[in-house]
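**Student:** As input, take protein.pdb (PDB, C-alpha atoms, pLDDT in the B column):
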```pdb
ATOM      1  CA  HIS A   1     -29.647   4.068  58.027  1.00 55.00           C
ATOM      2  CA  GLU A   2     -26.153   2.848  57.278  1.00 53.00           C
ATOM      3  CA  ARG A   3     -24.703   0.232  54.974  1.00 56.00           C
ATOM      4  CA  LEU A   4     -21.015  -0.190  54.289  1.00 54.00           C
ATOM      5  CA  VAL A   5     -19.994  -3.015  51.978  1.00 53.00           C
ATOM      6  CA  GLY A   6     -17.150  -3.409  49.519  1.00 58.00           C
ATOM      7  CA  SER A   7     -18.694  -1.486  46.647  1.00 87.00           C
ATOM      8  CA  GLU A   8     -21.277   0.658  48.485  1.00 88.00           C
ATOM      9  CA  MET A   9     -21.218   3.442  51.051  1.00 86.00           C
ATOM     10  CA  CYS A  10     -24.770   4.245  52.115  1.00 84.00           C
ATOM     11  CA  ILE A  11     -25.355   6.550  55.090  1.00 85.00           C
ATOM     12  CA  ARG A  12     -28.611   8.502  54.969  1.00 82.00           C
ATOM     13  CA  ASP A  13     -30.635  10.532  57.424  1.00 79.00           C
ATOM     14  CA  SER A  14     -28.050   9.918  60.160  1.00 82.00           C
ATOM     15  CA  GLN A  15     -27.176  13.526  61.083  1.00 85.00           C
ATOM     16  CA  LEU A  16     -23.718  12.924  59.683  1.00 90.00           C
ATOM     17  CA  ILE A  17     -21.705  16.139  60.104  1.00 94.00           C
ATOM     18  CA  GLY A  18     -18.377  17.432  58.860  1.00 95.00           C
ATOM     19  CA  THR A  19     -16.863  17.382  55.404  1.00 96.00           C
ATOM     20  CA  ILE A  20     -16.295  14.730  52.744  1.00 96.00           C
ATOM     21  CA  SER A  21     -12.654  13.707  53.108  1.00 95.00           C
ATOM     22  CA  SER A  22     -10.362  14.002  50.097  1.00 96.00           C
ATOM     23  CA  THR A  23      -9.230  10.460  50.876  1.00 95.00           C
ATOM     24  CA  ILE A  24     -12.532   9.224  49.463  1.00 95.00           C
ATOM     25  CA  GLY A  25     -10.768   9.129  46.106  1.00 95.00           C
ATOM     26  CA  GLN A  26      -8.854   6.084  47.298  1.00 93.00           C
ATOM     27  CA  LEU A  27     -12.011   3.920  47.274  1.00 92.00           C
ATOM     28  CA  SER A  28     -11.395   2.805  43.715  1.00 91.00           C
ATOM     29  CA  SER A  29     -13.913  -0.085  43.843  1.00 93.00           C
ATOM     30  CA  LEU A  30     -16.810   2.079  45.044  1.00 95.00           C
ATOM     31  CA  VAL A  31     -19.908   1.729  42.833  1.00 95.00           C
ATOM     32  CA  VAL A  32     -22.492   3.529  45.007  1.00 95.00           C
ATOM     33  CA  LEU A  33     -21.879   6.622  47.145  1.00 95.00           C
ATOM     34  CA  TYR A  34     -25.102   7.486  48.949  1.00 96.00           C
ATOM     35  CA  LEU A  35     -24.912  10.169  51.663  1.00 95.00           C
ATOM     36  CA  PRO A  36     -28.190  12.144  51.499  1.00 96.00           C
ATOM     37  CA  PHE A  37     -30.221  13.801  54.262  1.00 95.00           C
ATOM     38  CA  ASN A  38     -27.257  14.504  56.484  1.00 95.00           C
ATOM     39  CA  GLU A  39     -25.533  17.718  57.586  1.00 95.00           C
ATOM     40  CA  LEU A  40     -22.431  17.532  55.433  1.00 97.00           C
ATOM     41  CA  THR A  41     -20.697  20.857  54.834  1.00 97.00           C
ATOM     42  CA  GLY A  42     -17.693  22.057  52.886  1.00 98.00           C
ATOM     43  CA  THR A  43     -16.934  21.261  49.281  1.00 98.00           C
ATOM     44  CA  ILE A  44     -17.092  18.181  47.092  1.00 98.00           C
ATOM     45  CA  PRO A  45     -13.407  17.123  46.963  1.00 98.00           C
ATOM     46  CA  SER A  46     -11.799  17.063  43.532  1.00 98.00           C
ATOM     47  CA  THR A  47     -10.467  13.598  44.342  1.00 98.00           C
ATOM     48  CA  ILE A  48     -13.982  12.287  43.752  1.00 98.00           C
ATOM     49  CA  GLY A  49     -12.940  12.081  40.103  1.00 98.00           C
ATOM     50  CA  GLN A  50     -10.686   9.159  41.016  1.00 97.00           C
ATOM     51  CA  LEU A  51     -13.669   6.881  41.728  1.00 97.00           C
ATOM     52  CA  SER A  52     -13.372   5.138  38.379  1.00 95.00           C
ATOM     53  CA  SER A  53     -15.977   2.451  39.218  1.00 96.00           C
ATOM     54  CA  LEU A  54     -18.632   4.846  40.561  1.00 97.00           C
ATOM     55  CA  GLN A  55     -22.060   4.502  38.951  1.00 97.00           C
ATOM     56  CA  TYR A  56     -24.371   6.211  41.452  1.00 97.00           C
ATOM     57  CA  LEU A  57     -23.584   9.430  43.328  1.00 98.00           C
ATOM     58  CA  TYR A  58     -26.197  10.774  45.760  1.00 97.00           C
ATOM     59  CA  LEU A  59     -25.249  13.749  47.940  1.00 98.00           C
ATOM     60  CA  HIS A  60     -28.624  15.517  48.082  1.00 97.00           C
ATOM     61  CA  ASN A  61     -30.163  17.348  51.028  1.00 97.00           C
ATOM     62  CA  ASN A  62     -26.942  18.394  52.713  1.00 97.00           C
ATOM     63  CA  GLN A  63     -25.236  21.777  53.138  1.00 97.00           C
ATOM     64  CA  LEU A  64     -22.451  21.350  50.609  1.00 98.00           C
ATOM     65  CA  THR A  65     -20.933  24.565  49.277  1.00 98.00           C
ATOM     66  CA  GLY A  66     -18.406  25.603  46.660  1.00 98.00           C
ATOM     67  CA  ILE A  67     -18.090  24.341  43.115  1.00 98.00           C
ATOM     68  CA  ILE A  68     -18.910  21.117  41.348  1.00 98.00           C
ATOM     69  CA  PRO A  69     -15.336  19.975  40.646  1.00 98.00           C
ATOM     70  CA  SER A  70     -14.393  19.624  36.995  1.00 98.00           C
ATOM     71  CA  THR A  71     -12.923  16.221  37.856  1.00 98.00           C
ATOM     72  CA  ILE A  72     -16.491  14.936  37.988  1.00 98.00           C
ATOM     73  CA  GLY A  73     -16.097  14.445  34.241  1.00 98.00           C
ATOM     74  CA  GLN A  74     -13.642  11.611  34.927  1.00 98.00           C
ATOM     75  CA  LEU A  75     -16.408   9.392  36.342  1.00 98.00           C
ATOM     76  CA  SER A  76     -16.775   7.458  33.112  1.00 97.00           C
ATOM     77  CA  SER A  77     -19.066   4.801  34.655  1.00 98.00           C
ATOM     78  CA  LEU A  78     -21.524   7.253  36.252  1.00 98.00           C
ATOM     79  CA  ARG A  79     -25.243   6.664  35.609  1.00 98.00           C
ATOM     80  CA  ILE A  80     -26.836   8.947  38.211  1.00 98.00           C
ATOM     81  CA  LEU A  81     -25.567  12.304  39.540  1.00 98.00           C
ATOM     82  CA  TYR A  82     -27.901  13.566  42.232  1.00 98.00           C
ATOM     83  CA  LEU A  83     -26.900  16.780  44.028  1.00 98.00           C
ATOM     84  CA  PRO A  84     -30.114  18.767  44.701  1.00 98.00           C
ATOM     85  CA  TYR A  85     -30.872  20.748  47.851  1.00 98.00           C
ATOM     86  CA  ASN A  86     -27.373  21.886  48.658  1.00 98.00           C
ATOM     87  CA  GLU A  87     -25.686  25.295  48.485  1.00 98.00           C
ATOM     88  CA  LEU A  88     -23.405  24.693  45.532  1.00 98.00           C
ATOM     89  CA  THR A  89     -22.208  27.785  43.677  1.00 97.00           C
ATOM     90  CA  SER A  90     -20.255  28.719  40.564  1.00 94.00           C
ATOM     91  CA  THR A  91     -20.892  27.136  37.185  1.00 97.00           C
ATOM     92  CA  ILE A  92     -21.775  23.697  35.838  1.00 98.00           C
ATOM     93  CA  PRO A  93     -18.424  22.346  34.616  1.00 98.00           C
ATOM     94  CA  SER A  94     -18.184  21.711  30.883  1.00 98.00           C
ATOM     95  CA  THR A  95     -16.551  18.368  31.685  1.00 98.00           C
ATOM     96  CA  ILE A  96     -19.996  17.077  32.583  1.00 98.00           C
ATOM     97  CA  GLY A  97     -20.369  16.337  28.886  1.00 98.00           C
ATOM     98  CA  GLN A  98     -17.812  13.545  29.273  1.00 98.00           C
ATOM     99  CA  LEU A  99     -20.218  11.426  31.348  1.00 98.00           C
ATOM    100  CA  SER A 100     -21.278   9.336  28.358  1.00 98.00           C
ATOM    101  CA  LEU A 101     -23.287   6.804  30.414  1.00 98.00           C
ATOM    102  CA  LEU A 102     -25.207   9.370  32.480  1.00 98.00           C
ATOM    103  CA  GLN A 103     -28.971   8.829  32.568  1.00 98.00           C
ATOM    104  CA  TYR A 104     -30.077  11.113  35.404  1.00 98.00           C
ATOM    105  CA  LEU A 105     -28.693  14.556  36.269  1.00 98.00           C
ATOM    106  CA  ASN A 106     -30.247  16.527  39.104  1.00 98.00           C
ATOM    107  CA  LEU A 107     -28.735  19.820  40.322  1.00 98.00           C
ATOM    108  CA  TYR A 108     -32.039  21.284  41.490  1.00 98.00           C
ATOM    109  CA  SER A 109     -32.213  24.009  44.155  1.00 98.00           C
ATOM    110  CA  ASN A 110     -28.618  25.119  44.517  1.00 98.00           C
ATOM    111  CA  HIS A 111     -27.021  28.511  43.788  1.00 98.00           C
ATOM    112  CA  LEU A 112     -25.437  27.684  40.450  1.00 98.00           C
ATOM    113  CA  THR A 113     -24.626  30.560  38.116  1.00 98.00           C
ATOM    114  CA  GLY A 114     -23.203  30.954  34.638  1.00 98.00           C
ATOM    115  CA  THR A 115     -24.560  29.256  31.572  1.00 98.00           C
ATOM    116  CA  ILE A 116     -25.681  25.742  30.720  1.00 98.00           C
ATOM    117  CA  PRO A 117     -22.590  24.259  29.032  1.00 98.00           C
ATOM    118  CA  SER A 118     -23.061  23.332  25.381  1.00 98.00           C
ATOM    119  CA  THR A 119     -21.251  20.064  26.108  1.00 98.00           C
ATOM    120  CA  ILE A 120     -24.397  18.847  27.833  1.00 98.00           C
ATOM    121  CA  GLY A 121     -25.598  17.840  24.370  1.00 98.00           C
ATOM    122  CA  GLN A 122     -23.071  14.997  24.402  1.00 98.00           C
ATOM    123  CA  LEU A 123     -25.090  13.077  27.009  1.00 98.00           C
ATOM    124  CA  SER A 124     -26.923  10.893  24.514  1.00 98.00           C
ATOM    125  CA  LEU A 125     -28.250   8.464  27.179  1.00 98.00           C
ATOM    126  CA  LEU A 126     -29.598  11.190  29.487  1.00 98.00           C
ATOM    127  CA  GLN A 127     -33.288  10.731  30.312  1.00 98.00           C
ATOM    128  CA  TYR A 128     -33.798  13.238  33.147  1.00 98.00           C
ATOM    129  CA  LEU A 129     -32.274  16.723  33.345  1.00 98.00           C
ATOM    130  CA  PHE A 130     -33.212  18.821  36.397  1.00 98.00           C
ATOM    131  CA  LEU A 131     -31.534  22.235  36.675  1.00 98.00           C
ATOM    132  CA  SER A 132     -34.456  24.134  38.235  1.00 98.00           C
ATOM    133  CA  GLY A 133     -34.181  26.582  41.088  1.00 98.00           C
ATOM    134  CA  ASN A 134     -30.717  27.978  40.423  1.00 98.00           C
ATOM    135  CA  GLN A 135     -29.418  31.270  39.018  1.00 98.00           C
ATOM    136  CA  LEU A 136     -28.405  30.007  35.603  1.00 98.00           C
ATOM    137  CA  ALA A 137     -28.253  32.737  32.967  1.00 98.00           C
ATOM    138  CA  GLY A 138     -27.521  33.031  29.274  1.00 98.00           C
ATOM    139  CA  THR A 139     -29.291  31.125  26.554  1.00 98.00           C
ATOM    140  CA  ILE A 140     -30.465  27.530  26.321  1.00 98.00           C
ATOM    141  CA  PRO A 141     -27.754  25.891  24.181  1.00 98.00           C
ATOM    142  CA  PRO A 142     -29.026  24.546  20.834  1.00 98.00           C
ATOM    143  CA  THR A 143     -27.058  21.364  21.549  1.00 98.00           C
ATOM    144  CA  ILE A 144     -29.817  20.429  23.969  1.00 98.00           C
ATOM    145  CA  GLY A 145     -31.599  19.030  20.914  1.00 98.00           C
ATOM    146  CA  GLN A 146     -28.961  16.297  20.751  1.00 98.00           C
ATOM    147  CA  LEU A 147     -30.245  14.675  23.954  1.00 98.00           C
ATOM    148  CA  SER A 148     -31.961  11.950  21.983  1.00 97.00           C
ATOM    149  CA  SER A 149     -33.051   9.915  25.044  1.00 98.00           C
ATOM    150  CA  LEU A 150     -34.385  12.825  27.129  1.00 98.00           C
ATOM    151  CA  GLN A 151     -37.810  12.408  28.738  1.00 98.00           C
ATOM    152  CA  TRP A 152     -37.932  15.242  31.280  1.00 98.00           C
ATOM    153  CA  LEU A 153     -36.353  18.700  30.998  1.00 98.00           C
ATOM    154  CA  TRP A 154     -36.645  21.052  33.970  1.00 98.00           C
ATOM    155  CA  LEU A 155     -35.004  24.470  33.527  1.00 98.00           C
ATOM    156  CA  ASP A 156     -37.600  26.542  35.394  1.00 98.00           C
ATOM    157  CA  TYR A 157     -36.876  29.163  38.055  1.00 98.00           C
ATOM    158  CA  ASN A 158     -33.589  30.390  36.642  1.00 98.00           C
ATOM    159  CA  LYS A 159     -32.513  33.565  34.829  1.00 98.00           C
ATOM    160  CA  LEU A 160     -32.290  32.152  31.312  1.00 98.00           C
ATOM    161  CA  THR A 161     -32.544  34.656  28.481  1.00 98.00           C
ATOM    162  CA  GLY A 162     -32.807  34.582  24.711  1.00 98.00           C
ATOM    163  CA  SER A 163     -35.183  32.442  22.720  1.00 98.00           C
ATOM    164  CA  ILE A 164     -36.155  28.789  22.948  1.00 98.00           C
ATOM    165  CA  PRO A 165     -33.907  26.976  20.445  1.00 98.00           C
ATOM    166  CA  SER A 166     -35.767  25.347  17.565  1.00 98.00           C
ATOM    167  CA  THR A 167     -33.665  22.212  18.119  1.00 98.00           C
ATOM    168  CA  ILE A 168     -35.883  21.445  21.112  1.00 98.00           C
ATOM    169  CA  GLY A 169     -38.225  19.841  18.582  1.00 98.00           C
ATOM    170  CA  GLN A 170     -35.715  17.018  18.118  1.00 98.00           C
ATOM    171  CA  LEU A 171     -36.429  15.629  21.603  1.00 98.00           C
ATOM    172  CA  THR A 172     -38.707  12.880  20.340  1.00 96.00           C
ATOM    173  CA  TYR A 173     -39.169  11.117  23.685  1.00 98.00           C
ATOM    174  CA  LEU A 174     -39.779  14.246  25.794  1.00 98.00           C
ATOM    175  CA  TRP A 175     -42.696  13.933  28.214  1.00 98.00           C
ATOM    176  CA  GLY A 176     -42.256  17.103  30.270  1.00 98.00           C
ATOM    177  CA  LEU A 177     -40.808  20.511  29.308  1.00 98.00           C
ATOM    178  CA  TYR A 178     -40.537  23.109  32.071  1.00 98.00           C
ATOM    179  CA  LEU A 179     -39.124  26.479  30.998  1.00 98.00           C
ATOM    180  CA  ASP A 180     -41.324  28.726  33.148  1.00 98.00           C
ATOM    181  CA  SER A 181     -40.136  31.505  35.453  1.00 98.00           C
ATOM    182  CA  ASN A 182     -37.152  32.640  33.390  1.00 98.00           C
ATOM    183  CA  GLN A 183     -36.506  35.677  31.169  1.00 98.00           C
ATOM    184  CA  LEU A 184     -37.012  34.011  27.807  1.00 98.00           C
ATOM    185  CA  ILE A 185     -38.095  36.146  24.872  1.00 98.00           C
ATOM    186  CA  GLY A 186     -39.070  35.687  21.254  1.00 97.00           C
ATOM    187  CA  THR A 187     -41.554  33.470  19.493  1.00 97.00           C
ATOM    188  CA  ILE A 188     -42.418  29.987  20.705  1.00 97.00           C
ATOM    189  CA  PRO A 189     -40.749  27.764  18.083  1.00 97.00           C
ATOM    190  CA  SER A 190     -43.111  25.837  15.824  1.00 96.00           C
ATOM    191  CA  THR A 191     -40.876  22.776  16.273  1.00 97.00           C
ATOM    192  CA  ILE A 192     -42.455  22.245  19.707  1.00 96.00           C
ATOM    193  CA  GLY A 193     -45.334  20.783  17.697  1.00 95.00           C
ATOM    194  CA  GLN A 194     -43.021  17.903  16.754  1.00 96.00           C
ATOM    195  CA  LEU A 195     -42.845  16.670  20.348  1.00 97.00           C
ATOM    196  CA  SER A 196     -45.324  13.840  19.891  1.00 95.00           C
ATOM    197  CA  SER A 197     -44.687  12.336  23.357  1.00 97.00           C
ATOM    198  CA  LEU A 198     -45.118  15.645  25.239  1.00 98.00           C
ATOM    199  CA  ARG A 199     -47.620  15.558  28.098  1.00 97.00           C
ATOM    200  CA  GLU A 200     -46.614  18.595  30.196  1.00 98.00           C
ATOM    201  CA  LEU A 201     -45.546  22.017  28.884  1.00 98.00           C
ATOM    202  CA  TYR A 202     -44.839  24.997  31.154  1.00 98.00           C
ATOM    203  CA  LEU A 203     -43.782  28.275  29.530  1.00 98.00           C
ATOM    204  CA  HIS A 204     -45.427  30.872  31.790  1.00 97.00           C
ATOM    205  CA  PHE A 205     -43.688  33.802  33.487  1.00 98.00           C
ATOM    206  CA  ASN A 206     -41.477  34.586  30.507  1.00 98.00           C
ATOM    207  CA  GLN A 207     -41.795  37.173  27.731  1.00 97.00           C
ATOM    208  CA  LEU A 208     -42.639  34.760  24.940  1.00 97.00           C
ATOM    209  CA  THR A 209     -44.910  35.625  22.044  1.00 96.00           C
ATOM    210  CA  GLY A 210     -46.898  33.677  19.489  1.00 92.00           C
ATOM    211  CA  THR A 211     -49.042  30.618  19.988  1.00 92.00           C
ATOM    212  CA  ILE A 212     -48.342  27.114  21.231  1.00 88.00           C
ATOM    213  CA  PRO A 213     -48.224  24.858  18.158  1.00 83.00           C
ATOM    214  CA  SER A 214     -50.816  22.100  18.089  1.00 74.00           C
TER     215      SER A 214
END
```
Would you kindly transcribe this structure into structure tokens?
**Tutor:**
Amino acid sequence: HERLVGSEMCIRDSQLIGTISSTIGQLSSLVVLYLPFNELTGTIPSTIGQLSSLQYLYLHNNQLTGIIPSTIGQLSSLRILYLPYNELTSTIPSTIGQLSLLQYLNLYSNHLTGTIPSTIGQLSLLQYLFLSGNQLAGTIPPTIGQLSSLQWLWLDYNKLTGSIPSTIGQLTYLWGLYLDSNQLIGTIPSTIGQLSSLRELYLHFNQLTGTIPS
């Protein structure tokens, strides 16, 4: 499954091996980079931040290791960042908050640690946020309530602590909220009752108290 045209590089499920070359940053007209379901190893090169036209980045289901480079925040045209099912470590870079056009962020099932950066609240167009299945710790930043377009929030299967921020009630368009299988404590905030679009709510396997607001 390969397609190479002027603005797209699409190679999926082709048993592609080796690393992503740092020279990829020279493809300044690239709009789509689609390399999933291969056997890519090594790190995501920092030169990826030079892809100023990039809108769609799919590197899922590989064996990529190391950090998410902070230069990812330079991808000012990016709409979709899709990196699940790799072996990425370290923290989510705070520069991710610079991706002002981002609509879909999926970092599911990696080995990410550290906290969720408060800058994530700057992603006002974000509709889908998937951070499940990592080792993220610390508290859920109150700035998450600024994600005014968010429809799905998956933070389950991490090591998040502290309480659920009351600002979560500002997510007017939220359909699904998954906070289960963490180490959250405290009372379930009454502001959850303000989520008029909510269809799915998962809070189990925490240490929460109180009742779920109607």
**Student:** Report the residues retrieved by the PyMOL selection byres ((chain A and resi 13) around 12) from the displayed file, expressed as number ranges by chain.
**Tutor:** A: 1-2, 10-12, 14-17, 34-40, 59-62
**Student:** Interatomic distance between CA of Ser181 (chain A) and CA of Thr161 (chain A)?
**Tutor:** 10.8 Å
**Student:** Near Ser163 (chain A), within 9 Å and counting only C-alpha atoms, which residues show up once chain neighbours fewer than 6 positions away are dropped, as a ChimeraX atom specification?
**Tutor:** /A:139-140,184-189,208
**Student:** List as a list of chain:residue names the protein and nucleic acid residues near Trp154 (chain A), meaning an atom at most 10 Å away when only C-alpha atoms are counted, but skip any in the same chain fewer than 3 places from it.
**Tutor:**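 Counting only C-alpha atoms, the residues come to A:Asn106, A:Tyr108, A:Tyr128, A:Leu129, A:Phe130, A:Leu131, A:Ser132, A:Gly133, A:Tyr157, A:Gly176, A:Leu177, A:Tyr178, A:Leu179, A:Asp180, A:Tyr202.
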**Student:** Mind checking which residues fall within 8 Å of Thr91 (chain A), counting all atoms listed in the file, ignoring those fewer than 3 positions away in the same chain, and posting them as a tab-separated table (two decimals) with C-alpha atoms, keeping the file's coordinate frame?
**Tutor:**
```tsv
chain	number	residue	atom	x	y	z
A	67	ILE	CA	-18.09	24.34	43.12
A	68	ILE	CA	-18.91	21.12	41.35
A	112	LEU	CA	-25.44	27.68	40.45
A	113	THR	CA	-24.63	30.56	38.12
A	114	GLY	CA	-23.20	30.95	34.64
A	115	THR	CA	-24.56	29.26	31.57
```
**Student:** Just checking: using only C-alpha atoms, which residue out of A:Thr65, A:Ser77, A:Ser214, A:Gln26 ends up closest to Ser190 (chain A)?
**Tutor:** A:Ser214
**Student:** Taking the file above as input, evaluate the PyMOL selection byres ((chain A and resi 194) around 12) and report the hits as a list of chain:residue names.
**Tutor:**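 That selection, the PyMOL selection byres ((chain A and resi 194) around 12), comes back as A:Ser166, A:Thr167, A:Ile168, A:Gly169, A:Gln170, A:Leu171, A:Thr172, A:Tyr173, A:Leu174, A:Pro189, A:Ser190, A:Thr191, A:Ile192, A:Gly193, A:Leu195, A:Ser196, A:Ser197, A:Leu198, A:Ile212, A:Pro213, A:Ser214.
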**Student:** Restricting the calculation to all atoms listed in the file, which member of A:Gln151, A:Gln135, A:Ser28, A:Asn86 is positioned closest to Ile44 (chain A)?
**Tutor:** A:Asn86
**Student:** For CA of Thr23 (chain A) and CA of His111 (chain A), quote the distance in Å rounded to one decimal.
**Tutor:**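 So the two atoms, CA of Thr23 (chain A) and CA of His111 (chain A), lie 26.3 Å apart.
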**Student:** I'd like the interatomic distance between CA of Ile96 (chain A) and CA of Ile72 (chain A), to a tenth of an Å.
**Tutor:**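 Atom-to-atom, CA of Ile96 (chain A) to CA of Ile72 (chain A), that is 6.8 Å.
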**Student:** Taking (-32.2, 19.2, 27.2) in the file's coordinates, which residues come within 8 Å, counting only C-alpha atoms, written as a list in words?
**Tutor:**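 Residues satisfying the cut-off, written out: Ile120, Gly121, Leu129, Thr143, Ile144, Gly145, Gln146, Leu147, Leu150, Leu153, Ile168 and Leu171 of chain A.
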**Student:** Which one is closest to Ser53 (chain A): A:Ile116, A:Leu136, A:Leu33, A:Leu126? Count only C-alpha atoms.
**Tutor:**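 Of A:Ile116, A:Leu136, A:Leu33, A:Leu126, the one nearest Ser53 (chain A) is A:Leu33, counting only C-alpha atoms.
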**Student:** Would you list the contacts of Leu30 (chain A) as a ChimeraX atom specification, taking every protein, DNA or RNA residue within 9 Å and counting all atoms listed in the file, but skipping same-chain residues closer than 6 positions in sequence?
**Tutor:** /A:6-9,51-55
**Student:** Kindly compute an axis-aligned box around the listed atoms of region 102-118 of chain A, allowing 5 Å on each side, and express its centre and edge lengths in Å to one decimal as lines of an AutoDock Vina configuration file.
**Tutor:**
```
center_x = -27.4
center_y = 19.9
center_z = 34.9
size_x = 19.6
size_y = 32.1
size_z = 29.1
```
**Student:** To verify the selection step, state as an MDAnalysis selection string which residues the PyMOL selection byres ((chain A and resi 71) around 9) yields on this input.
**Tutor:** chainID A and resid 46:50 68:70 72:75 93 95:96
